[in-house]
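First the structure, in the form of structure tokens, and then the observations on it.
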Amino acid sequence: MESATNPDDIVRLQEELALFQAWDADKAIDPKDFGYTDFSVGNKMFSAMDELHRWRLFERTGAGLMAELGSHQLDAVSIFLSSLRDDGKKVHPLSVHAVGGRHIMPVDRDAGDHVYCMFEFPGPEYSKTFDVGYYDRVENYPNSVRNETTKSMDRVGPVPGYDTDPNKKVVVTYSSINGNGFGGWGEVVLGSKGTLILDKETDVLLYRNSDTSSKVGVAKQAGGFALDTSASGDYSAPVAQAADSGPVSRGYREEIEHWAYCIRNPDAENQPRCYPEVAMGDAVIALGTNVALKRAAEGKGGYLEFKEEWFDVDNDETPDGSTIAAETAFMDKPVA
């Protein structure tokens, strides 16, 4: 039996006891009064109490890996892509191809344990200074003319954005794999001029193009920040130095602190960073991908084209065709 004399340990044990007592009290209620149901997965039956206590393992109540994990990673993707735009507009995906399933777990759940997704996002409206150093002499692309002085082809305009060339798309691959822990979690951004590896929100690595020996930093320039490369490799990366200087602030903590700040300072300009439109957008991406995963499981092909009306808070259209009335009907049921 554990003995605690440290005040912090006493508080921790009291909180653990209160958590168990609250959980144990669930046995005295009828979960069906709160919308939980009896159901089956294949030939295995589950009770409403199963769904209450193990809600993360069922698609109806937990929405699987895309809601638990993928929603946060795809939110990060939207932040990366939105930073390339001048208007700050949150970028929504165009389509997703997805497959997955319950590959290693027994039939004690219906939520999958592996998902593999490939999203198409619209390319940014590239600025006039954007240069990827590419020119196709045969097709005269992108829109260049011959400079008679230098005898070279000089670009007239920028690489077209998605608004003028629908073929300009950013492809995002996302996987959540429970069968192997290699690689941990994080994001890798493969840019036209550099590569960023963000590992577990603690380690940040920047590389020039595909070169892992040359370091790059972030330099402030007119209109924002840009990668500052050094061919000699003697340029230390300020971002990496910042990550090594001490504990990294967690996004969730910052969101909650800012939410509390908005409550304490109820001015109109003080709004939560994750306001309803943003939260709903991330939910649409995650739940829409679940629709694609379900189609793949049924042999119909795991493809879904996203519609902008799904992201409109004033529009009731949903990726799976569900309605607000049907999803909240149980709320009108009296509780005993």
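By convention in this document, the chains of the structure tokens carry letters A, B, ... by their order, each chain's residues are numbered from 1, and ligands are numbered from 1 in the order they are shown.
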For the contact check between stretch 56-137 of chain A and stretch 141-157 of chain A, emit one row per residue of stretch 56-137 of chain A within 9 Å, containing the shortest atom pair and the distance in Å rounded to one decimal, counting only C-alpha atoms, chain then rising number order, as CSV.
residue,atom,partner,partner_atom,distance
A:Lys128,CA,A:Gly157,CA,6.7
A:Tyr134,CA,A:Pro142,CA,8.0
A:Tyr135,CA,A:Tyr141,CA,5.7
A:Asp136,CA,A:Tyr141,CA,5.1
A:Arg137,CA,A:Tyr141,CA,6.9
Just the selected residues (N, CA and C atoms), exported as an mmCIF file, in the first residue's frame, please.
data_model
loop_
_atom_site.group_PDB
_atom_site.id
_atom_site.type_symbol
_atom_site.label_atom_id
_atom_site.label_comp_id
_atom_site.auth_asym_id
_atom_site.auth_seq_id
_atom_site.Cartn_x
_atom_site.Cartn_y
_atom_site.Cartn_z
ATOM 1 N N LYS A 128 4.413 37.292 -56.272
ATOM 2 C CA LYS A 128 5.193 37.520 -57.486
ATOM 3 C C LYS A 128 6.669 37.221 -57.289
ATOM 4 N N TYR A 134 12.220 26.751 -61.857
ATOM 5 C CA TYR A 134 11.826 25.757 -62.850
ATOM 6 C C TYR A 134 11.377 26.444 -64.136
ATOM 7 N N TYR A 135 11.817 25.927 -65.247
ATOM 8 C CA TYR A 135 11.327 26.441 -66.522
ATOM 9 C C TYR A 135 11.332 25.311 -67.549
ATOM 10 N N ASP A 136 10.218 25.119 -68.243
ATOM 11 C CA ASP A 136 10.077 24.128 -69.295
ATOM 12 C C ASP A 136 10.213 24.828 -70.635
ATOM 13 N N ARG A 137 11.352 24.594 -71.321
ATOM 14 C CA ARG A 137 11.608 25.282 -72.582
ATOM 15 C C ARG A 137 10.646 24.845 -73.686
#
* **Neighbour list for A:Val91 as an NGL selection string, cut-off 9 Å, only C-alpha atoms, skip fewer than 4 positions in-chain** => :A and (77-79 or 81-82 or 121-122)
Mind listing the helix (DSSP H, G or I) residues of stretch 40-194 of chain A, per DSSP on the backbone, as a compact mmCIF listing (two decimals) with C-alpha atoms, in the first residue's frame?
# COMPACT_ATOMS: atom_id res chain seq x y z
CA ALA A 48 -25.16 0.78 -23.56
CA MET A 49 -22.86 0.64 -20.50
CA ASP A 50 -20.01 -0.55 -22.75
CA GLU A 51 -20.58 2.43 -24.99
CA LEU A 52 -20.60 4.79 -22.01
CA HIS A 53 -17.42 3.49 -20.39
CA TRP A 55 -16.79 5.41 -25.82
CA ARG A 56 -13.45 6.05 -27.56
CA LEU A 57 -13.52 2.58 -29.11
CA GLU A 59 -17.27 5.18 -34.16
CA ARG A 60 -20.61 6.62 -33.03
CA THR A 61 -19.25 8.11 -29.81
CA GLY A 62 -15.51 8.47 -30.43
CA GLY A 64 -11.95 6.85 -34.28
CA LEU A 65 -8.38 7.88 -34.99
CA MET A 66 -9.29 10.73 -37.32
CA ALA A 67 -11.16 12.51 -34.53
CA GLU A 68 -8.74 11.54 -31.74
CA LEU A 69 -5.50 12.33 -33.57
CA GLY A 70 -6.02 13.24 -37.21
CA SER A 71 -8.07 16.34 -36.42
CA HIS A 72 -5.07 17.93 -34.67
CA GLN A 73 -2.57 17.00 -37.39
CA LEU A 74 -4.85 18.28 -40.17
CA ASP A 75 -5.40 21.48 -38.19
CA ALA A 76 -1.62 21.92 -38.20
CA VAL A 77 -1.63 21.36 -41.96
CA SER A 78 -4.26 24.07 -42.40
CA ILE A 79 -2.12 26.46 -40.33
CA PHE A 80 0.95 25.73 -42.48
CA LEU A 81 -0.96 26.23 -45.73
CA SER A 82 -2.86 29.30 -44.51
Exercise: stretch 166-178 of chain A partners within 6 Å, only C-alpha atoms, chain neighbours under 5 positions left out, as a PDB file with C-alpha atoms, in the first residue's frame:
ATOM      1  CA  ASP A 113      -6.544   1.010 -35.377  1.00  0.00           C
ATOM      2  CA  HIS A 114      -4.875   2.085 -38.649  1.00  0.00           C
ATOM      3  CA  VAL A 115      -5.748   4.878 -41.082  1.00  0.00           C
ATOM      4  CA  TYR A 116      -3.887   6.007 -44.193  1.00  0.00           C
ATOM      5  CA  CYS A 117      -5.031   9.187 -45.932  1.00  0.00           C
ATOM      6  CA  MET A 118      -4.014  11.381 -48.826  1.00  0.00           C
ATOM      7  CA  PHE A 119      -5.547  14.864 -49.001  1.00  0.00           C
ATOM      8  CA  GLU A 120      -5.548  17.407 -51.818  1.00  0.00           C
ATOM      9  CA  PHE A 121      -5.443  21.052 -50.767  1.00  0.00           C
ATOM     10  CA  PRO A 122      -5.578  24.061 -53.091  1.00  0.00           C
ATOM     11  CA  GLY A 123      -2.162  25.541 -53.785  1.00  0.00           C
TER      12      GLY A 123
END
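Take atom CA of A:Ala296 and atom CA of A:Thr318: the distance between them is 18.8 Å.
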* Mind listing the strand (DSSP E) residues of stretch 37-158 of chain A, per DSSP on the backbone, as a VMD selection string? => chain A and resid 39 to 41 44 to 46 95 to 101 114 to 122 144 to 147 152 to 155
Atoms kept (N, CA and C atoms) for selection, written as an mmCIF file, in the first residue's frame:
data_model
loop_
_atom_site.group_PDB
_atom_site.id
_atom_site.type_symbol
_atom_site.label_atom_id
_atom_site.label_comp_id
_atom_site.auth_asym_id
_atom_site.auth_seq_id
_atom_site.Cartn_x
_atom_site.Cartn_y
_atom_site.Cartn_z
ATOM 1 N N PHE A 39 -25.802 -2.380 -29.070
ATOM 2 C CA PHE A 39 -25.540 -2.548 -30.499
ATOM 3 C C PHE A 39 -24.603 -3.739 -30.685
ATOM 4 N N SER A 40 -24.336 -4.074 -31.935
ATOM 5 C CA SER A 40 -23.446 -5.202 -32.225
ATOM 6 C C SER A 40 -22.400 -4.783 -33.258
ATOM 7 N N VAL A 41 -21.249 -5.406 -33.164
ATOM 8 C CA VAL A 41 -20.196 -5.292 -34.175
ATOM 9 C C VAL A 41 -19.933 -6.705 -34.664
ATOM 10 N N LYS A 44 -20.638 -9.788 -32.242
ATOM 11 C CA LYS A 44 -20.385 -9.454 -30.850
ATOM 12 C C LYS A 44 -21.331 -8.345 -30.402
ATOM 13 N N MET A 45 -21.995 -8.569 -29.267
ATOM 14 C CA MET A 45 -22.938 -7.601 -28.735
ATOM 15 C C MET A 45 -22.268 -6.697 -27.701
ATOM 16 N N PHE A 46 -22.674 -5.435 -27.719
ATOM 17 C CA PHE A 46 -22.192 -4.451 -26.750
ATOM 18 C C PHE A 46 -23.397 -3.792 -26.099
ATOM 19 N N SER A 95 -10.159 17.204 -51.523
ATOM 20 C CA SER A 95 -10.588 15.809 -51.570
ATOM 21 C C SER A 95 -9.693 14.975 -50.667
ATOM 22 N N VAL A 96 -10.117 13.728 -50.441
ATOM 23 C CA VAL A 96 -9.314 12.787 -49.668
ATOM 24 C C VAL A 96 -9.498 11.390 -50.244
ATOM 25 N N HIS A 97 -8.399 10.660 -50.296
ATOM 26 C CA HIS A 97 -8.429 9.225 -50.564
ATOM 27 C C HIS A 97 -7.982 8.552 -49.265
ATOM 28 N N ALA A 98 -8.762 7.625 -48.737
ATOM 29 C CA ALA A 98 -8.446 7.045 -47.439
ATOM 30 C C ALA A 98 -8.756 5.554 -47.398
ATOM 31 N N VAL A 99 -7.910 4.821 -46.692
ATOM 32 C CA VAL A 99 -8.154 3.411 -46.385
ATOM 33 C C VAL A 99 -7.733 3.184 -44.940
ATOM 34 N N GLY A 100 -8.213 2.119 -44.357
ATOM 35 C CA GLY A 100 -7.851 1.808 -42.970
ATOM 36 C C GLY A 100 -8.716 0.689 -42.452
ATOM 37 N N GLY A 101 -8.601 0.439 -41.162
ATOM 38 C CA GLY A 101 -9.431 -0.606 -40.579
ATOM 39 C C GLY A 101 -8.893 -1.075 -39.245
ATOM 40 N N HIS A 114 -5.789 1.549 -37.644
ATOM 41 C CA HIS A 114 -4.875 2.085 -38.649
ATOM 42 C C HIS A 114 -5.679 2.921 -39.654
ATOM 43 N N VAL A 115 -5.170 4.083 -39.991
ATOM 44 C CA VAL A 115 -5.748 4.878 -41.082
ATOM 45 C C VAL A 115 -4.611 5.426 -41.937
ATOM 46 N N TYR A 116 -4.857 5.475 -43.236
ATOM 47 C CA TYR A 116 -3.887 6.007 -44.193
ATOM 48 C C TYR A 116 -4.653 6.944 -45.130
ATOM 49 N N CYS A 117 -4.252 8.193 -45.187
ATOM 50 C CA CYS A 117 -5.031 9.187 -45.932
ATOM 51 C C CYS A 117 -4.135 10.033 -46.828
ATOM 52 N N MET A 118 -4.692 10.454 -47.938
ATOM 53 C CA MET A 118 -4.014 11.381 -48.826
ATOM 54 C C MET A 118 -5.003 12.499 -49.196
ATOM 55 N N PHE A 119 -4.679 13.719 -48.783
ATOM 56 C CA PHE A 119 -5.547 14.864 -49.001
ATOM 57 C C PHE A 119 -4.993 15.746 -50.121
ATOM 58 N N GLU A 120 -5.909 16.367 -50.852
ATOM 59 C CA GLU A 120 -5.548 17.407 -51.818
ATOM 60 C C GLU A 120 -6.032 18.749 -51.278
ATOM 61 N N PHE A 121 -5.106 19.693 -51.156
ATOM 62 C CA PHE A 121 -5.443 21.052 -50.767
ATOM 63 C C PHE A 121 -5.158 21.982 -51.931
ATOM 64 N N PRO A 122 -5.885 23.092 -52.034
ATOM 65 C CA PRO A 122 -5.578 24.061 -53.091
ATOM 66 C C PRO A 122 -4.223 24.707 -52.841
ATOM 67 N N SER A 144 7.476 32.600 -69.854
ATOM 68 C CA SER A 144 8.754 33.296 -69.880
ATOM 69 C C SER A 144 9.057 33.819 -71.279
ATOM 70 N N VAL A 145 9.923 34.812 -71.351
ATOM 71 C CA VAL A 145 10.344 35.392 -72.627
ATOM 72 C C VAL A 145 11.867 35.420 -72.663
ATOM 73 N N ARG A 146 12.398 35.409 -73.864
ATOM 74 C CA ARG A 146 13.851 35.383 -74.031
ATOM 75 C C ARG A 146 14.439 36.765 -73.794
ATOM 76 N N ASN A 147 15.477 36.833 -72.961
ATOM 77 C CA ASN A 147 16.216 38.071 -72.719
ATOM 78 C C ASN A 147 17.365 38.120 -73.708
ATOM 79 N N SER A 152 18.934 34.412 -71.955
ATOM 80 C CA SER A 152 18.263 33.468 -71.077
ATOM 81 C C SER A 152 16.762 33.727 -71.120
ATOM 82 N N MET A 153 15.999 32.784 -70.609
ATOM 83 C CA MET A 153 14.566 32.953 -70.542
ATOM 84 C C MET A 153 14.214 33.550 -69.188
ATOM 85 N N ASP A 154 13.595 34.698 -69.177
ATOM 86 C CA ASP A 154 13.199 35.378 -67.947
ATOM 87 C C ASP A 154 11.706 35.217 -67.732
ATOM 88 N N ARG A 155 11.356 34.897 -66.526
ATOM 89 C CA ARG A 155 9.957 34.691 -66.201
ATOM 90 C C ARG A 155 9.210 36.023 -66.202
#
* Pick out the closest residue to A:Ala279 from this set: A:Ser322, A:Glu305, A:Phe311, A:Arg264. Count only C-alpha atoms. => A:Phe311
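In this structure, atom CA of A:Leu19 sits 21.5 Å away from atom CA of A:Tyr252.
Considering the residues A:Gly181, A:Gly194, A:Gly88, A:Gly42 and counting only C-alpha atoms, A:Asp110 has its shortest atom-to-atom contact with A:Gly42.
Atom to atom, atom CA of A:Tyr36 and atom CA of A:Ala63 stand 14.6 Å apart.
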I want to know what sits within 9 Å of A:Ala260, based on only C-alpha atoms, with residues of the same chain fewer than 5 positions away left out; could you give that as an mmCIF file with C-alpha atoms, in the first residue's frame?
data_model
loop_
_atom_site.group_PDB
_atom_site.id
_atom_site.type_symbol
_atom_site.label_atom_id
_atom_site.label_comp_id
_atom_site.auth_asym_id
_atom_site.auth_seq_id
_atom_site.Cartn_x
_atom_site.Cartn_y
_atom_site.Cartn_z
ATOM 1 C CA GLU A 255 -5.436 27.608 -25.809
ATOM 2 C CA ASN A 265 -11.617 40.146 -20.197
ATOM 3 C CA PRO A 272 -10.814 32.333 -28.378
#
* Excluding A:Val313 and any residue of its chain fewer than 6 positions from it, enumerate the residues within 12 Å of it, using only C-alpha atoms, and give them as a PyMOL selection string. => chain A and resi 275-281+283-284
Residues just named, written with N, CA and C atoms as a PDB file, in the first residue's frame:
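Once everything was written out, this is out14.pdb:
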ATOM      1  N   TYR A 275     -12.154  29.431 -32.357  1.00  0.00           N
ATOM      2  CA  TYR A 275     -13.553  29.831 -32.355  1.00  0.00           C
ATOM      3  C   TYR A 275     -14.376  28.822 -33.158  1.00  0.00           C
ATOM      4  N   PRO A 276     -15.709  28.887 -33.079  1.00  0.00           N
ATOM      5  CA  PRO A 276     -16.545  27.820 -33.638  1.00  0.00           C
ATOM      6  C   PRO A 276     -16.256  27.466 -35.091  1.00  0.00           C
ATOM      7  N   GLU A 277     -16.025  28.460 -35.948  1.00  0.00           N
ATOM      8  CA  GLU A 277     -15.775  28.164 -37.357  1.00  0.00           C
ATOM      9  C   GLU A 277     -14.531  27.305 -37.534  1.00  0.00           C
ATOM     10  N   VAL A 278     -13.489  27.599 -36.742  1.00  0.00           N
ATOM     11  CA  VAL A 278     -12.254  26.823 -36.832  1.00  0.00           C
ATOM     12  C   VAL A 278     -12.481  25.406 -36.328  1.00  0.00           C
ATOM     13  N   ALA A 279     -13.132  25.280 -35.179  1.00  0.00           N
ATOM     14  CA  ALA A 279     -13.389  23.958 -34.601  1.00  0.00           C
ATOM     15  C   ALA A 279     -14.254  23.113 -35.539  1.00  0.00           C
ATOM     16  N   MET A 280     -15.284  23.716 -36.119  1.00  0.00           N
ATOM     17  CA  MET A 280     -16.155  22.970 -37.011  1.00  0.00           C
ATOM     18  C   MET A 280     -15.399  22.540 -38.268  1.00  0.00           C
ATOM     19  N   GLY A 281     -14.525  23.405 -38.767  1.00  0.00           N
ATOM     20  CA  GLY A 281     -13.745  23.060 -39.948  1.00  0.00           C
ATOM     21  C   GLY A 281     -12.889  21.827 -39.715  1.00  0.00           C
ATOM     22  N   ALA A 283     -13.475  19.518 -37.497  1.00  0.00           N
ATOM     23  CA  ALA A 283     -14.389  18.387 -37.333  1.00  0.00           C
ATOM     24  C   ALA A 283     -14.862  17.874 -38.690  1.00  0.00           C
ATOM     25  N   VAL A 284     -15.131  18.776 -39.615  1.00  0.00           N
ATOM     26  CA  VAL A 284     -15.586  18.369 -40.950  1.00  0.00           C
ATOM     27  C   VAL A 284     -14.506  17.556 -41.657  1.00  0.00           C
TER      28      VAL A 284
END
* Asked: Taking only C-alpha atoms into account, which of A:Asn6, A:Phe34, A:Gly191, A:Ala286 comes nearest A:Leu84?
  -> A:Gly191
